[in-house]
Amino acid sequence: MMGKTNITLGFVSNYCTIKGLHTVGSFVTNSTARTPSISLNDLTGILPDVHVNIARFSDCGVYYEGAELSYNGLSAGFASTVLAIDVLDIHKDVVGLIGNEYSATAIGIGEEITFAQIPYCTGEESSPTFSDKMKYPYFWRPVPSSGLGEHLVQLLKAWKVSRMALIVQSDDDMSQGFAKDIQSACKKHNYAASELTISDARYIFVSGQNNFVASIVYYLGKLGYVGPQHVWISESPPQPYQDPLTVLGHDYFDYIKGFVTLIEYQPSLQNQVFKHMYERTMEESQFSFSVSDATSFYIIQTSYDCIYMMLLGFDKLLKSNASFTPEMLKERELGKYMNWSLFQDLSYKGATLESMVLNGNGDLNSPFQFISFTGQNFSYNFFGQTNLDATNFTYIGEPSLFNGSVPPPDGPPEMLLTEFMPCFQNVTGIIVIAISILCGILSMAAGILVIRFPYRKPIKRSSVLFLMTVAMAILAESASILSQFGPQSLILCKLRVWLQVLGFSVLISSLAAKSYVDYVLCLSRKKVKKSRLHLIVMSAQAIAVLLSIGTLILWTLLGPLQLKIAVLQQDNFYMVTCDASNFKNPYNLLLLIYHGLLLTVCLYMSLISRDADQATNESTFAGLIAISFTLSGVVMIPVIWEAVPGHMSVLMISSTTGVLCLLVLVSIFAPKATQIFMDKLHMKQQMGILLRLRSPTALFNESGRKRDSSSERGCRGSVAARMSITEHRTTPQQCNNVHSLGLTLISFQNKWFPVFCSKWFDCHLLLVGGRGSVWLQAETEECVSCSKISGSEFRLANHGTVYFSSSMGVRFQCDFENIEHAKQFIAKFENCVKLAEKK
């Protein structure tokens, strides 16, 4: 037309289902397909300087034999390549697309036109996928989509249905999108919607395309799932694209009686826009069809609204800015202004609804209606609808269900279950936490014992490294018991097995290593360097633990562990448990076999070293055998007992692991702790005797002057002294004078360890003088330590404590009964130092 700018709307559909179709790429050069009647004169003042052309594009290529029966929308590759290139690069006059595609097909082209900033409207693609405006900002539609689940919930509420099975067509994007939407809505309203796994499901929702829905209801109906106790629901009518009596069976309509379909609001002839479009379409197509076929099968009203809303949006854009021209629209220079929001509210009275307003997802804000099929061909009845906000359901008729109009119950009376988990509110939880804390405290006490007395013979006989390794292994087992407490998760289940198995492997490998060292040193009669022997043993132990970690990694990544819901038979409880499939999986067997071999090696090492007990002065053989046999259960517990749900299994796992931990601690650490305590008690007794024999305050000089009786009285009493040593010195080679400064119990501390776990030694303190130097000598059961004393300064506390230090960095703390005794001690100590410094 002269003086007008030509723009083109592209119509995208599955034209490969039409015989005689000719295409160049995806562009259709001839077609018998008709488009809903368009007359720009119907909308006065809309795009007066624009002439609209129409171009058709096939999203599935050229016609092929049987396409009209077999095409299912799986041609996204063609649509996103050939079709996208034709629209974006070849036919550049296309400024908007009107789609009539399967949702799976539209995904590719929908992403392509987003980059090209071309608006895309569809009256067919209802998948919730396209409601994501971050991903599809130029995609919009005059049909509802996202939020369908909320409308369905209103029907379930009206029918007092609390549970529903869900069947999903897995290879269809729309079906999966609606299934997620329904599950989300049901979860929000505390409704149960899950996959069909039990035969007792009464309400069944099918999310799929028409052919899929029709096939599912027919074939499951043959198995007894269609009847007076069942209600089938879908968002797609059970109306296949072919004759169901031919492709399915002659009794097909018997199985769709009572089938309920959730559909978008259907227009009627009372809507004047729809009435005009409906009558004109039949006139131009010379084909007669019913209103219900027009709205629910051909769905012509949505395509009609797409076209007019697209043109109204263009007109709104050109009028919004005087600088915008039709030529700019034709050249795609206005694309950045034409996302879905341009078409959101155009004040348009459409063929679908009188108020065509899009919601925040670019979908039509519309109520839903519910229909039920009568079983007489595809006839159906409208029986209800929701409001725009999906907050209410209203009956507009009676449903035609399989056995009348009364909805059946949704199943047998529902058993209300309460989740059971070990916690402070039940006995099981208290027992679990008590066992875990007891074992944890005892294992930490064992570690502190080793750190506190590393030089005592009971500790040195077994070695600090071995005992600390055992204590850490038991601590890991204690932590595994604690993991039974509270709610369970897959991560917690796997962590529990890691702690149990690693604790077992570290403990057993340590026992095997100790037994082997005892055998080589005491029984083999071979000359072996201890350093080399320990290096070999520690390397072997490290390899054993690393192999254990390797089996755990394989089990974690490839094993069968999963959470499952177990209903307890008593008290209406359910419990979340960890299912490891017992011995049915090779990775479970791998764990058991490897750690069984490790246990066998430990038993063999214990056997060959059984005669080393007398040489090492430890009764280890019986304990090692008992521990080795019983600890084998720590590996088998998570595999066997985790599959048995209930609080008894929790108690079994926790108590068994706890008993094993206590057995190890008692067998290894209890004798050592007892011996250390007895040695300390014996030491105190011996020191008391020694101090009674020695004059506690006698000071001797070179002339052999006798002690002062008043000094003796002044220093008697219970005296405790502590000497903190920061560096070590050797005793002088020659001592001319020895002056005994008697204190009942004197202790010094080795600062090689942190303060909180430092070692204190009970000792007798002597003052040694010679060659002008004074040394303070501390005699203990295990060693003698000397520190040089000179120029000491005393600080006296009010409660009778004396603090002083030497030039060598040695700090002393002496506690007396009272302050008078402390002052007398200071005076005698200074006098002693003066005498000792004389050459």
# chains A, B, ... in the order shown; residues from 1 in each chain; ligands from 1
call {"tool": "residues_around", "arguments": {"residues": "range 219-235 of chain A", "least_positions_apart": "5", "cutoff": "10 Å", "atoms": "only C-alpha atoms", "output": "ChimeraX atom specification"}}
result
/A:148,152,164-167,175,178,199-210,213-214,248-249,252,254-264,370-372,401-404,406-411
call {"tool": "residues_around", "arguments": {"residues": "range 293-301 of chain A", "least_positions_apart": "3", "cutoff": "8 Å", "atoms": "only C-alpha atoms", "output": "PyMOL selection string"}}
result
chain A and resi 36+123-124+266-267+274+277-278+289-290+304-305+351-352
call {"tool": "select_by_dssp", "arguments": {"residues": "range 277-329 of chain A", "states": "helix (DSSP H, G or I)", "output": "count of residues only"}}
result
41
call {"tool": "residues_around", "arguments": {"residues": "range 541-558 of chain A", "least_positions_apart": "6", "cutoff": "9 Å", "atoms": "only C-alpha atoms", "output": "list in words"}}
result
Lys494, Val497, Trp498, Val501, Leu502, Ser505, Val506, Ser509, Ser510, Ala512, Ala513, Pro586, Tyr587, Asn588, Leu590, Leu591, Tyr594, His595 and Leu598 of chain A
call {"tool": "write_last_selection", "arguments": {"atoms": "all heavy atoms", "output": "compact mmCIF listing (two decimals), in the first residue's frame"}}
result
# COMPACT_ATOMS: atom_id res chain seq x y z
N LYS A 494 26.49 -40.51 56.21
CA LYS A 494 27.81 -40.82 55.67
C LYS A 494 28.92 -40.46 56.66
O LYS A 494 29.90 -41.20 56.79
CB LYS A 494 28.01 -40.08 54.34
CG LYS A 494 27.09 -40.59 53.23
CD LYS A 494 27.30 -39.82 51.94
CE LYS A 494 26.38 -40.37 50.85
NZ LYS A 494 26.55 -39.64 49.56
N VAL A 497 29.26 -43.25 59.30
CA VAL A 497 29.99 -44.42 58.81
C VAL A 497 31.48 -44.11 58.72
O VAL A 497 32.33 -44.94 59.07
CB VAL A 497 29.43 -44.88 57.45
CG1 VAL A 497 30.26 -46.01 56.88
CG2 VAL A 497 27.98 -45.33 57.60
N TRP A 498 31.83 -42.91 58.26
CA TRP A 498 33.25 -42.52 58.19
C TRP A 498 33.89 -42.56 59.57
O TRP A 498 34.99 -43.09 59.74
CB TRP A 498 33.37 -41.12 57.58
CG TRP A 498 33.49 -41.11 56.10
CD1 TRP A 498 32.49 -41.32 55.20
CD2 TRP A 498 34.68 -40.91 55.33
NE1 TRP A 498 32.97 -41.24 53.92
CE2 TRP A 498 34.30 -40.99 53.96
CE3 TRP A 498 35.99 -40.64 55.65
CZ2 TRP A 498 35.23 -40.83 52.94
CZ3 TRP A 498 36.93 -40.48 54.63
CH2 TRP A 498 36.53 -40.57 53.29
N VAL A 501 34.13 -46.35 60.83
CA VAL A 501 35.09 -47.18 60.09
C VAL A 501 36.52 -46.67 60.26
O VAL A 501 37.46 -47.44 60.46
CB VAL A 501 34.70 -47.26 58.61
CG1 VAL A 501 35.76 -47.99 57.80
CG2 VAL A 501 33.35 -47.94 58.45
N LEU A 502 36.72 -45.35 60.22
CA LEU A 502 38.07 -44.81 60.41
C LEU A 502 38.57 -45.07 61.82
O LEU A 502 39.74 -45.40 62.03
CB LEU A 502 38.07 -43.31 60.12
CG LEU A 502 38.39 -42.89 58.68
CD1 LEU A 502 38.45 -41.39 58.56
CD2 LEU A 502 39.69 -43.51 58.19
N SER A 505 39.65 -48.70 61.88
CA SER A 505 40.89 -48.99 61.15
C SER A 505 42.11 -48.42 61.87
O SER A 505 43.16 -49.07 61.92
CB SER A 505 40.80 -48.44 59.72
OG SER A 505 40.68 -47.02 59.75
N VAL A 506 42.00 -47.21 62.44
CA VAL A 506 43.13 -46.63 63.17
C VAL A 506 43.44 -47.46 64.40
O VAL A 506 44.61 -47.75 64.71
CB VAL A 506 42.80 -45.17 63.56
CG1 VAL A 506 43.83 -44.63 64.54
CG2 VAL A 506 42.77 -44.29 62.32
N SER A 509 44.79 -51.08 63.33
CA SER A 509 46.15 -50.99 62.77
C SER A 509 47.17 -50.64 63.85
O SER A 509 48.31 -51.12 63.81
CB SER A 509 46.19 -49.96 61.64
OG SER A 509 45.83 -48.68 62.11
N SER A 510 46.79 -49.83 64.83
CA SER A 510 47.70 -49.50 65.93
C SER A 510 47.99 -50.71 66.79
O SER A 510 49.13 -50.96 67.20
CB SER A 510 47.09 -48.38 66.79
OG SER A 510 46.91 -47.21 66.03
N ALA A 512 47.83 -53.85 65.82
CA ALA A 512 48.66 -54.75 65.03
C ALA A 512 50.12 -54.27 65.01
O ALA A 512 51.06 -55.06 65.14
CB ALA A 512 48.11 -54.85 63.60
N ALA A 513 50.31 -52.95 64.87
CA ALA A 513 51.67 -52.40 64.83
C ALA A 513 52.39 -52.61 66.16
O ALA A 513 53.56 -53.00 66.20
CB ALA A 513 51.61 -50.91 64.49
N PRO A 586 28.07 -54.06 46.05
CA PRO A 586 29.49 -54.47 46.13
C PRO A 586 30.33 -53.52 46.98
O PRO A 586 31.34 -53.95 47.54
CB PRO A 586 29.94 -54.44 44.67
CG PRO A 586 28.95 -53.56 43.96
CD PRO A 586 27.66 -53.79 44.66
N TYR A 587 29.94 -52.27 47.11
CA TYR A 587 30.75 -51.34 47.89
C TYR A 587 30.58 -51.58 49.38
O TYR A 587 31.50 -51.31 50.17
CB TYR A 587 30.40 -49.90 47.51
CG TYR A 587 30.68 -49.64 46.05
CD1 TYR A 587 29.65 -49.64 45.11
CD2 TYR A 587 31.98 -49.43 45.59
CE1 TYR A 587 29.91 -49.42 43.77
CE2 TYR A 587 32.25 -49.22 44.26
CZ TYR A 587 31.21 -49.20 43.35
OH TYR A 587 31.47 -49.00 42.02
N ASN A 588 29.41 -52.06 49.80
CA ASN A 588 29.27 -52.50 51.18
C ASN A 588 30.17 -53.69 51.46
O ASN A 588 30.84 -53.78 52.50
CB ASN A 588 27.82 -52.87 51.48
CG ASN A 588 26.91 -51.67 51.52
OD1 ASN A 588 27.37 -50.55 51.70
ND2 ASN A 588 25.62 -51.88 51.34
N LEU A 590 32.88 -54.45 49.88
CA LEU A 590 34.27 -54.00 49.85
C LEU A 590 34.70 -53.47 51.22
O LEU A 590 35.80 -53.79 51.71
CB LEU A 590 34.44 -52.91 48.79
CG LEU A 590 35.86 -52.30 48.66
CD1 LEU A 590 36.86 -53.36 48.25
CD2 LEU A 590 35.85 -51.14 47.67
N LEU A 591 33.85 -52.68 51.86
CA LEU A 591 34.16 -52.18 53.20
C LEU A 591 34.36 -53.33 54.18
O LEU A 591 35.33 -53.36 54.94
CB LEU A 591 33.02 -51.29 53.70
CG LEU A 591 33.05 -49.81 53.33
CD1 LEU A 591 31.85 -49.10 53.94
CD2 LEU A 591 34.32 -49.14 53.78
N TYR A 594 37.65 -55.62 53.32
CA TYR A 594 38.94 -55.00 53.62
C TYR A 594 39.18 -54.93 55.12
O TYR A 594 40.26 -55.28 55.62
CB TYR A 594 39.02 -53.60 53.01
CG TYR A 594 40.27 -52.87 53.47
CD1 TYR A 594 41.52 -53.22 52.98
CD2 TYR A 594 40.18 -51.87 54.44
CE1 TYR A 594 42.67 -52.59 53.43
CE2 TYR A 594 41.33 -51.23 54.89
CZ TYR A 594 42.57 -51.59 54.38
OH TYR A 594 43.71 -50.97 54.83
N HIS A 595 38.19 -54.46 55.87
CA HIS A 595 38.39 -54.31 57.30
C HIS A 595 38.36 -55.65 58.02
O HIS A 595 38.93 -55.79 59.11
CB HIS A 595 37.35 -53.34 57.88
CG HIS A 595 37.54 -51.94 57.39
ND1 HIS A 595 36.92 -51.46 56.26
CD2 HIS A 595 38.32 -50.92 57.86
CE1 HIS A 595 37.29 -50.20 56.07
NE2 HIS A 595 38.14 -49.85 57.02
N LEU A 598 41.95 -56.58 57.70
CA LEU A 598 42.72 -55.81 58.67
C LEU A 598 42.60 -56.42 60.06
O LEU A 598 43.58 -56.52 60.80
CB LEU A 598 42.22 -54.36 58.67
CG LEU A 598 43.12 -53.31 59.34
CD1 LEU A 598 44.46 -53.22 58.64
CD2 LEU A 598 42.42 -51.96 59.32
call {"tool": "closest_residue", "arguments": {"among": "A:Lys336, A:Lys4, A:His91, A:Lys834", "to": "Phe27 in chain A", "atoms": "only C-alpha atoms"}}
result
A:His91
call {"tool": "select_by_dssp", "arguments": {"residues": "range 176-329 of chain A", "states": "strand (DSSP E or B)", "output": "PyMOL selection string"}}
result
chain A and resi 192-195+203-207+231-234+260-264
call {"tool": "write_last_selection", "arguments": {"atoms": "N, CA and C atoms", "output": "PDB file, in the first residue's frame"}}
result
ATOM      1  N   ALA A 192      -0.676 -33.825  50.254  1.00  0.00           N
ATOM      2  CA  ALA A 192       0.281 -34.847  49.832  1.00  0.00           C
ATOM      3  C   ALA A 192       0.099 -35.121  48.347  1.00  0.00           C
ATOM      4  N   ALA A 193       1.136 -34.843  47.554  1.00  0.00           N
ATOM      5  CA  ALA A 193       1.108 -35.144  46.122  1.00  0.00           C
ATOM      6  C   ALA A 193       2.419 -35.818  45.770  1.00  0.00           C
ATOM      7  N   SER A 194       2.361 -37.073  45.377  1.00  0.00           N
ATOM      8  CA  SER A 194       3.580 -37.820  45.095  1.00  0.00           C
ATOM      9  C   SER A 194       3.351 -38.711  43.890  1.00  0.00           C
ATOM     10  N   GLU A 195       4.426 -39.365  43.448  1.00  0.00           N
ATOM     11  CA  GLU A 195       4.307 -40.279  42.322  1.00  0.00           C
ATOM     12  C   GLU A 195       3.458 -41.488  42.699  1.00  0.00           C
ATOM     13  N   TYR A 203      -7.240 -40.426  44.009  1.00  0.00           N
ATOM     14  CA  TYR A 203      -7.228 -39.244  43.136  1.00  0.00           C
ATOM     15  C   TYR A 203      -5.884 -39.209  42.420  1.00  0.00           C
ATOM     16  N   ILE A 204      -5.937 -39.199  41.109  1.00  0.00           N
ATOM     17  CA  ILE A 204      -4.729 -39.333  40.292  1.00  0.00           C
ATOM     18  C   ILE A 204      -4.673 -38.175  39.302  1.00  0.00           C
ATOM     19  N   PHE A 205      -3.610 -37.395  39.349  1.00  0.00           N
ATOM     20  CA  PHE A 205      -3.413 -36.287  38.414  1.00  0.00           C
ATOM     21  C   PHE A 205      -2.382 -36.701  37.380  1.00  0.00           C
ATOM     22  N   VAL A 206      -2.714 -36.486  36.103  1.00  0.00           N
ATOM     23  CA  VAL A 206      -1.806 -36.808  35.004  1.00  0.00           C
ATOM     24  C   VAL A 206      -1.349 -35.499  34.374  1.00  0.00           C
ATOM     25  N   SER A 207      -0.049 -35.259  34.384  1.00  0.00           N
ATOM     26  CA  SER A 207       0.515 -34.075  33.747  1.00  0.00           C
ATOM     27  C   SER A 207       1.197 -34.515  32.462  1.00  0.00           C
ATOM     28  N   VAL A 231     -10.798 -40.920  40.849  1.00  0.00           N
ATOM     29  CA  VAL A 231     -11.060 -39.699  40.089  1.00  0.00           C
ATOM     30  C   VAL A 231      -9.769 -39.308  39.386  1.00  0.00           C
ATOM     31  N   TRP A 232      -9.830 -39.189  38.052  1.00  0.00           N
ATOM     32  CA  TRP A 232      -8.675 -38.794  37.253  1.00  0.00           C
ATOM     33  C   TRP A 232      -8.787 -37.313  36.907  1.00  0.00           C
ATOM     34  N   ILE A 233      -7.667 -36.588  37.021  1.00  0.00           N
ATOM     35  CA  ILE A 233      -7.631 -35.153  36.777  1.00  0.00           C
ATOM     36  C   ILE A 233      -6.424 -34.839  35.910  1.00  0.00           C
ATOM     37  N   SER A 234      -6.549 -33.830  35.049  1.00  0.00           N
ATOM     38  CA  SER A 234      -5.415 -33.412  34.221  1.00  0.00           C
ATOM     39  C   SER A 234      -5.623 -31.979  33.772  1.00  0.00           C
ATOM     40  N   VAL A 260     -11.806 -35.479  34.998  1.00  0.00           N
ATOM     41  CA  VAL A 260     -11.888 -34.048  35.285  1.00  0.00           C
ATOM     42  C   VAL A 260     -10.703 -33.338  34.644  1.00  0.00           C
ATOM     43  N   THR A 261     -10.999 -32.245  33.935  1.00  0.00           N
ATOM     44  CA  THR A 261      -9.942 -31.469  33.296  1.00  0.00           C
ATOM     45  C   THR A 261      -9.988 -30.034  33.794  1.00  0.00           C
ATOM     46  N   LEU A 262      -8.811 -29.538  34.112  1.00  0.00           N
ATOM     47  CA  LEU A 262      -8.630 -28.165  34.566  1.00  0.00           C
ATOM     48  C   LEU A 262      -8.236 -27.329  33.353  1.00  0.00           C
ATOM     49  N   ILE A 263      -9.091 -26.405  32.951  1.00  0.00           N
ATOM     50  CA  ILE A 263      -8.850 -25.642  31.720  1.00  0.00           C
ATOM     51  C   ILE A 263      -8.939 -24.150  32.016  1.00  0.00           C
ATOM     52  N   GLU A 264      -8.286 -23.363  31.147  1.00  0.00           N
ATOM     53  CA  GLU A 264      -8.399 -21.924  31.279  1.00  0.00           C
ATOM     54  C   GLU A 264      -9.836 -21.481  30.980  1.00  0.00           C
TER      55      GLU A 264
END
call {"tool": "residues_around", "arguments": {"residues": "range 357-367 of chain A", "least_positions_apart": "6", "cutoff": "9 Å", "atoms": "only C-alpha atoms", "output": "ChimeraX atom specification"}}
result
/A:126,130-133,137-146,151,264-265,340-341,343-348,385-390
